[in-house]
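**Q** Mind having a look at this structure? Questions to follow.
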Amino acid sequence: MNRDNIRNFSIIAHIDHGKSTLADRILEITKSVTKREMTNQFLDNMDIERERGITIKSQSVRINYTSKNNNQYIFNLIDTPGHVDFSYEVSRSLMASEGAILVVDATQGVEAQTLAHAFLAADMGLEIIPVINKIDLPASNPVRVCKEIENSIGIDCSNAILVSAKTGEGVENILEEIVKSIPPPRESKVKNLRALVIDTWFDSYLGVVLLVRIFDKDIKTGERIKLMSTNKNYEVRNLGIFNPKAKNISKLSLGEVGFVTASIKQISDAKVGDTITSADYPAKNPLKGFKDIKPMVFCGLYPIDSNFYQQLKESLEKIALNDSSIKYEPETSAALGFGFRCGFLGLLHMEIVKERLEREFNLLSIATSPTVVYEVLKKNGEKIIVDNPNLLPENNQIKCIMEPFVNVSLHSPKQFLGGLLDLCESRRGVQKNIDFISEERLILEYELPLSEMIYDFYNKVKSISKGYCSMDYEPSNTKESDLIKLDILINGEVVDALSFITHRKNSYYRARDITEKLREIIPRQLFEVAIQASIGSKIIARETVKALRKDVTAKCYGGDVTRKRKLLEKQKEGKKRMKNVGNVEIPQEAFIAILSTKE
Amino acid sequence: MTNKFGIYIHIPFCTTICPYCNFNVYPQKIAQYDVLANCLLSELEKNLTYFGNKELASIHFGGGTPSLLPIKYMEKILTMILKNSIASHDCEITIEINPYEYEMQDVDSLYDLGFNRFSIGIQSFDDVKLKYLGRDSSRRSNILFAEKISNSKIKNINFDLIFGIQDETLDTWERDIKFVSNFDINHVSTYFLTIEESTPFWNKKLRGEIIDFSEDLYIKMVESTINILRKNKIYRYEISNFCRESFESKHNMTYWSNGSYLGIGPGAYSSYVDIENKIYQRWTNPRSPKAYFNFLNENSVSEDKVLNSFDTREYVKDSFMMGLRLTNGINIKQLKKIREFSLNQGTLDELNDEDLILSNLSNIKLTQKGFNIADYIIFKLIESINFKVA
């Protein structure tokens, strides 16, 4: 196919604005999938993706399109993940495209990720086609939404396409517009192969699969290639495209998008954003923008039943096959035994992994409270990295502790401004900017410590704004803070898995909050359970779980056997999620309770 | 125990439904006793043969308010039962009676019909308590009825009492329980008021009008009950049941010892145990009278029994669940003959050390302290069962 007839584009949207539904409709209208094959949200493969309505791994699909003036085109629709934790992946998908369809919900308007992604696309020089979705809904207001896009992003919306991805109305206009306004892949001035790795995953038949976009020259089966970030060489085994089913071809040419398999053993060797070049005739420079992304949030993962350590290890290995952003290393805890210190891109990423362990691997695990990565400068001049509160040196050895900060942008109707300001201030935030994008909506920008953002910040934002505020964030830098380690003691014993690092001025409040919460979570036992919070040896909060005094069913006759038996089963299920710390039974939720705060 | 069985007959209607009751009951005004009686008779005819190899130890008319069933139907039912089963010579035949709905002459006719045990829903001798519980009786009417029945030729009488209502003091309850000694009866059931889901009291609780009863006061009330009744030679034999020596309710003992029983009527439960042939089945009738009538016309009981067949492990666990409610506890040796198992010694030691159970090689029983947290202990013990592979 002639390069001029190729169009590479992404769809960008805020979560729930209808990106996946629009992709479904495009596949259907271009007859890429038959009605019968169509499961809703074709591109979202994982169960969790479909259930949570978010895309975690990106996909790409080749579509054949015949335009109204009867020309043949190849469209490569490159999917983008839709959550704040995955913004680097989004940037790689965008880099592989010449244009982006910006989908905005006609009932919701511009949201945080709309803006974040649109700016990213504009920065990369992509042609942006504004699309107003969900016009079939009675509450839709395309005129207002267009104005918001113009005011906040600064793109002309006079030709915005109005569609309903659900009913299919207007979707054909998008296809024509793609032909008209998105440029074909640019010509190459470089003589050697350069291909961008958009995404990678592990397939049990094919091994490591790389989704690539060819920027220079072409790639053929059997060719020897090099991954430029690692300098390792491989031989291409299979090339192919998704149509939308995988189909092998022998060559991927300039401008095309497809998959490559080579003799790559480990997913960690195939990094998103890396450049593939020829091993024999390597390009001088890689494509721009590669970053070796590092986990931002760490927690300990432990099997509830210590006999399942090996199984947890194998499950994490399997998850990591497909998810190069998760990091894990063995660690031990006095309270929880053998487990792993795991690093994630963000809190959602962590929750997804935990959920996958439970669902796909049938493994119950305990996650300790998440922590960010601290840099500790010791008095002896040594600098250490701390991703586990228990590895924090003794107080008298510490010169200072540095913690990572993020820039958060909140998009909200103006009436929630007060609540959002209070929240950001209480989280040690420094205000950077307030901007009105329309009479009704504003953008609030704050710099916050990441550690403040990972506990219950997003939930709080949602509840303050009744769900109307959206959020995006990006790392800024690290700064010194007055931080201390807070320990939790159960019946006098420090439970290492419950320790966390917090700012000194919040420590009393957090200590009270967490001890109260643990009192509610820890079930009554035969003896009294004391819950204490301490900084060093100083106890700063205490709660007591009273000993169990009464637990008895008054009436129990023939018919109650069934009822009792069900109750017993339920109790047994609950018990599975308990961990014995000393002689106290602590439910799984206790270890995550530190995350959420009182209303 | 397994060569005997009991029959339970459920009469699911009441003139007024008490605000704390979550039993399978319906208002009296929708009652069609002729239809119900026909169903009960046909169910008996069909199912009694299933228990044909067992001796009938007890019949219990419960509800609802079983005394609302016209006496001619009672007679038919009893006749049907006695014709189609082998009743033991001391077969216990009980009926539950509300004091305010019955005259003594009716009790006499029931006695003449063969009823030999009467369980009276006194609930309290305190007008404030009775009113709170939504009972149609008063202190006066309860005393009158209690006097009459305890002075009659009927010797096997139970009083049901309730304690632990909102704001009840130890004193109020002690007065109730002491008052029992005025009457010549040999069985008392004392039920701690449980706020059950989907009852008017539950809604009160949701509205904050009922708060959790003090656990310390509960414990004191139970201690008082035991001490006061003991002076009267009435002893605790189950968590909520007290009797004079050898006057345990035979029928209820069947439940607690995990024996066989045939439940007749809407929502009634049945259990069939045949240790020798390792058969353990439980089944339930449809709950609403209408569904029950339809079900009987469709004739599909036997299938249900197959569906609810359990193995001997379940039998052992259920025996723990019910049997540990008895002050005598359970016979471990006998249960092990049915299915070999061991108990976690650590759990036993912990519970023994805490003075919650008394155990030896052949028997486990809960202590008085243990009974206060019986559900917790029973769960722990069942969890600690380790079955040998069959």
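So you can find residues: chains in the structure tokens are A, B, ... in the order shown, residues in each start at 1, and ligands are numbered from 1 in order.
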Taking only C-alpha atoms into account, what are the residues of chain B at most 8 Å from chain A, put as a ChimeraX atom specification?

**A** /B:191-194,215-216,219,239-240,252,255-256,268-270,318,321-322,371-376,379,383

**Q** If you run DSSP on the backbone here, which positions in range 236-333 of chain B get strand (DSSP E)? Please write them as a short mmCIF file (atom, residue, chain, number, x, y, z; two decimals) with C-alpha atoms, in the first residue's frame.

**A**
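And here's selection_37.cif as it stands now:
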```cif
data_model
loop_
_atom_site.label_atom_id
_atom_site.label_comp_id
_atom_site.auth_asym_id
_atom_site.auth_seq_id
_atom_site.Cartn_x
_atom_site.Cartn_y
_atom_site.Cartn_z
CA ARG B 236 -29.91 -25.62 82.76
CA TYR B 237 -29.51 -28.33 80.11
CA GLU B 238 -29.27 -26.19 76.99
CA ASN B 241 -33.54 -24.29 78.35
CA PHE B 242 -33.99 -25.42 81.96
CA CYS B 243 -35.84 -28.37 83.47
CA SER B 260 -34.08 -37.68 62.76
CA TYR B 261 -37.22 -35.64 62.48
CA LEU B 262 -40.01 -35.18 60.01
CA GLY B 263 -41.23 -31.63 59.57
CA ILE B 264 -44.76 -31.24 58.24
CA TYR B 269 -37.44 -28.78 58.02
CA SER B 270 -36.75 -32.50 58.07
CA SER B 271 -33.68 -34.52 58.79
CA TYR B 272 -33.16 -38.23 58.21
CA VAL B 273 -30.22 -39.99 59.78
CA ASP B 274 -29.28 -43.59 59.21
CA ILE B 279 -27.34 -41.71 55.09
CA TYR B 280 -27.73 -38.10 56.19
CA GLN B 281 -30.40 -36.05 54.47
CA ARG B 282 -32.05 -32.71 55.17
CA TRP B 283 -34.86 -31.08 53.29
CA THR B 284 -37.24 -28.15 53.59
CA SER B 309 -27.77 -35.68 51.02
CA PHE B 310 -24.66 -34.95 53.01
CA ILE B 330 -21.12 -34.06 72.77
CA ASN B 331 -19.90 -37.61 72.82
#
```

**Q** Extract, using only C-alpha atoms, all DNA, RNA and protein residues at most 8 Å from Ser250 in chain A, discarding same-chain residues fewer than 6 positions from it, and format them as an MDAnalysis selection string.

**A** chainID A and resid 220:221 238:240

**Q** Would you tabulate, counting only C-alpha atoms, all residues of range 144-173 of chain B that have an atom at most 6 Å from an atom of range 116-124 of chain B, showing the closest pair of atoms and their distance in Å to one decimal, sorted by chain then ascending number, as JSON lines?

**A**
```
{"residue": "B:Asn156", "atom": "CA", "partner": "B:Arg117", "partner_atom": "CA", "distance": 4.8}
{"residue": "B:Ile157", "atom": "CA", "partner": "B:Phe118", "partner_atom": "CA", "distance": 5.0}
{"residue": "B:Asn158", "atom": "CA", "partner": "B:Ser119", "partner_atom": "CA", "distance": 4.5}
{"residue": "B:Phe159", "atom": "CA", "partner": "B:Ile120", "partner_atom": "CA", "distance": 4.9}
{"residue": "B:Asp160", "atom": "CA", "partner": "B:Gly121", "partner_atom": "CA", "distance": 5.0}
{"residue": "B:Leu161", "atom": "CA", "partner": "B:Gln123", "partner_atom": "CA", "distance": 3.8}
{"residue": "B:Ile162", "atom": "CA", "partner": "B:Gln123", "partner_atom": "CA", "distance": 5.0}
```

**Q** How would the residues just picked look written out with all heavy atoms as a compact mmCIF listing (two decimals), in the first residue's frame?

**A**
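That gives us result00.txt:
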```
# COMPACT_ATOMS: atom_id res chain seq x y z
N ASN B 156 -46.76 -31.99 82.65
CA ASN B 156 -45.57 -31.66 81.86
C ASN B 156 -45.77 -30.31 81.18
O ASN B 156 -46.37 -30.21 80.12
CB ASN B 156 -45.36 -32.77 80.83
CG ASN B 156 -43.90 -32.89 80.47
OD1 ASN B 156 -43.11 -31.99 80.75
ND2 ASN B 156 -43.53 -33.99 79.84
N ILE B 157 -45.29 -29.25 81.88
CA ILE B 157 -45.57 -27.89 81.42
C ILE B 157 -44.27 -27.11 81.25
O ILE B 157 -43.37 -27.20 82.08
CB ILE B 157 -46.46 -27.15 82.44
CG1 ILE B 157 -47.80 -27.90 82.58
CG2 ILE B 157 -46.70 -25.70 82.01
CD1 ILE B 157 -48.58 -27.50 83.81
N ASN B 158 -44.22 -26.33 80.14
CA ASN B 158 -43.09 -25.42 79.94
C ASN B 158 -43.60 -23.99 79.88
O ASN B 158 -44.67 -23.73 79.33
CB ASN B 158 -42.37 -25.74 78.62
CG ASN B 158 -41.42 -24.63 78.22
OD1 ASN B 158 -40.52 -24.28 78.98
ND2 ASN B 158 -41.64 -24.06 77.06
N PHE B 159 -42.85 -23.07 80.47
CA PHE B 159 -43.10 -21.63 80.29
C PHE B 159 -41.99 -21.04 79.43
O PHE B 159 -40.81 -21.24 79.71
CB PHE B 159 -43.11 -20.89 81.63
CG PHE B 159 -44.36 -21.09 82.45
CD1 PHE B 159 -44.47 -20.50 83.71
CD2 PHE B 159 -45.43 -21.86 81.98
CE1 PHE B 159 -45.61 -20.66 84.48
CE2 PHE B 159 -46.57 -22.03 82.76
CZ PHE B 159 -46.66 -21.43 84.02
N ASP B 160 -42.41 -20.31 78.38
CA ASP B 160 -41.44 -19.54 77.60
C ASP B 160 -41.32 -18.15 78.22
O ASP B 160 -42.34 -17.49 78.45
CB ASP B 160 -41.94 -19.34 76.15
CG ASP B 160 -41.51 -20.47 75.24
OD1 ASP B 160 -40.75 -21.35 75.69
OD2 ASP B 160 -41.94 -20.47 74.07
N LEU B 161 -40.10 -17.69 78.47
CA LEU B 161 -39.89 -16.33 78.98
C LEU B 161 -38.86 -15.62 78.10
O LEU B 161 -37.97 -16.26 77.54
CB LEU B 161 -39.39 -16.38 80.42
CG LEU B 161 -40.34 -16.97 81.46
CD1 LEU B 161 -39.63 -17.11 82.80
CD2 LEU B 161 -41.59 -16.11 81.63
N ILE B 162 -39.03 -14.32 78.01
CA ILE B 162 -38.09 -13.52 77.22
C ILE B 162 -37.37 -12.53 78.14
O ILE B 162 -38.00 -11.95 79.03
CB ILE B 162 -38.83 -12.75 76.09
CG1 ILE B 162 -39.33 -13.75 75.03
CG2 ILE B 162 -37.91 -11.72 75.44
CD1 ILE B 162 -40.05 -13.10 73.86
```

**Q** Return as a ChimeraX atom specification the full set of residues in range 55-239 of chain B whose backbone-based DSSP assignment is helix (DSSP H, G or I).

**A** /B:66-68,71-83,99-101,104-113,127-132,139-151,170-182,200-206,215-231

**Q** Using only C-alpha atoms, which protein or nucleic acid residues come within 6 Å of Val61 in chain A? Drop anything in the same chain fewer than 6 positions from it, and give the result as a list of chain:residue names.

**A**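 In the requested format, the answer is A:Asn76, A:Leu77, A:Phe242, A:Asn243, A:Pro244.
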
**Q** Output all heavy atoms of each residue in that selection to a file, as a compact mmCIF listing (two decimals), in the first residue's frame.

**A**
```txt
# COMPACT_ATOMS: atom_id res chain seq x y z
N ASN A 76 -4.54 2.68 10.86
CA ASN A 76 -4.06 1.98 12.06
C ASN A 76 -4.56 2.72 13.28
O ASN A 76 -4.15 3.85 13.54
CB ASN A 76 -2.53 1.92 12.07
CG ASN A 76 -2.00 0.93 11.04
OD1 ASN A 76 -2.39 -0.23 11.05
ND2 ASN A 76 -1.15 1.41 10.15
N LEU A 77 -5.50 2.07 13.95
CA LEU A 77 -6.03 2.68 15.18
C LEU A 77 -5.18 2.19 16.34
O LEU A 77 -5.09 0.99 16.63
CB LEU A 77 -7.50 2.27 15.37
CG LEU A 77 -8.12 2.44 16.74
CD1 LEU A 77 -7.98 3.87 17.25
CD2 LEU A 77 -9.58 2.07 16.72
N PHE A 242 -2.80 -6.76 13.22
CA PHE A 242 -4.08 -7.15 13.84
C PHE A 242 -5.18 -6.60 12.96
O PHE A 242 -5.25 -5.40 12.71
CB PHE A 242 -4.20 -6.60 15.25
CG PHE A 242 -3.21 -7.21 16.18
CD1 PHE A 242 -2.07 -6.52 16.56
CD2 PHE A 242 -3.40 -8.49 16.65
CE1 PHE A 242 -1.14 -7.09 17.41
CE2 PHE A 242 -2.48 -9.08 17.50
CZ PHE A 242 -1.35 -8.37 17.88
N ASN A 243 -6.06 -7.51 12.54
CA ASN A 243 -7.00 -7.10 11.49
C ASN A 243 -8.45 -7.43 11.81
O ASN A 243 -9.19 -7.70 10.89
CB ASN A 243 -6.54 -7.78 10.18
CG ASN A 243 -7.18 -7.13 8.99
OD1 ASN A 243 -7.78 -6.09 9.09
ND2 ASN A 243 -7.09 -7.78 7.85
N PRO A 244 -8.97 -7.44 12.95
CA PRO A 244 -8.29 -7.23 14.23
C PRO A 244 -7.64 -8.50 14.76
O PRO A 244 -6.97 -8.45 15.77
CB PRO A 244 -9.42 -6.79 15.15
CG PRO A 244 -10.62 -7.42 14.59
CD PRO A 244 -10.41 -7.58 13.13
```

**Q** Show which residues sit within 6 Å of range 402-408 of chain A, as JSON, numbers by chain. Count only C-alpha atoms, and ignore same-chain residues fewer than 6 positions away.

**A** {"A": [374, 375, 445, 446, 447, 448, 449, 450, 472, 473, 474, 475, 476, 477, 478, 479, 480, 481]}

**Q** Using only C-alpha atoms, which residue out of A:Asn491, A:Ser412, A:Ser438, A:Ser229 lies closest to Glu150 in chain A?

**A**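 Going through A:Asn491, A:Ser412, A:Ser438, A:Ser229 one by one, the smallest distance to Glu150 in chain A is for A:Ser438.
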
**Q** Quick one: everything within 10 Å of Asn53 in chain B, counting only C-alpha atoms, minus sequence neighbours fewer than 6 positions away in the same chain. Send it as a ChimeraX atom specification.

**A** /B:3-5,85-86,274
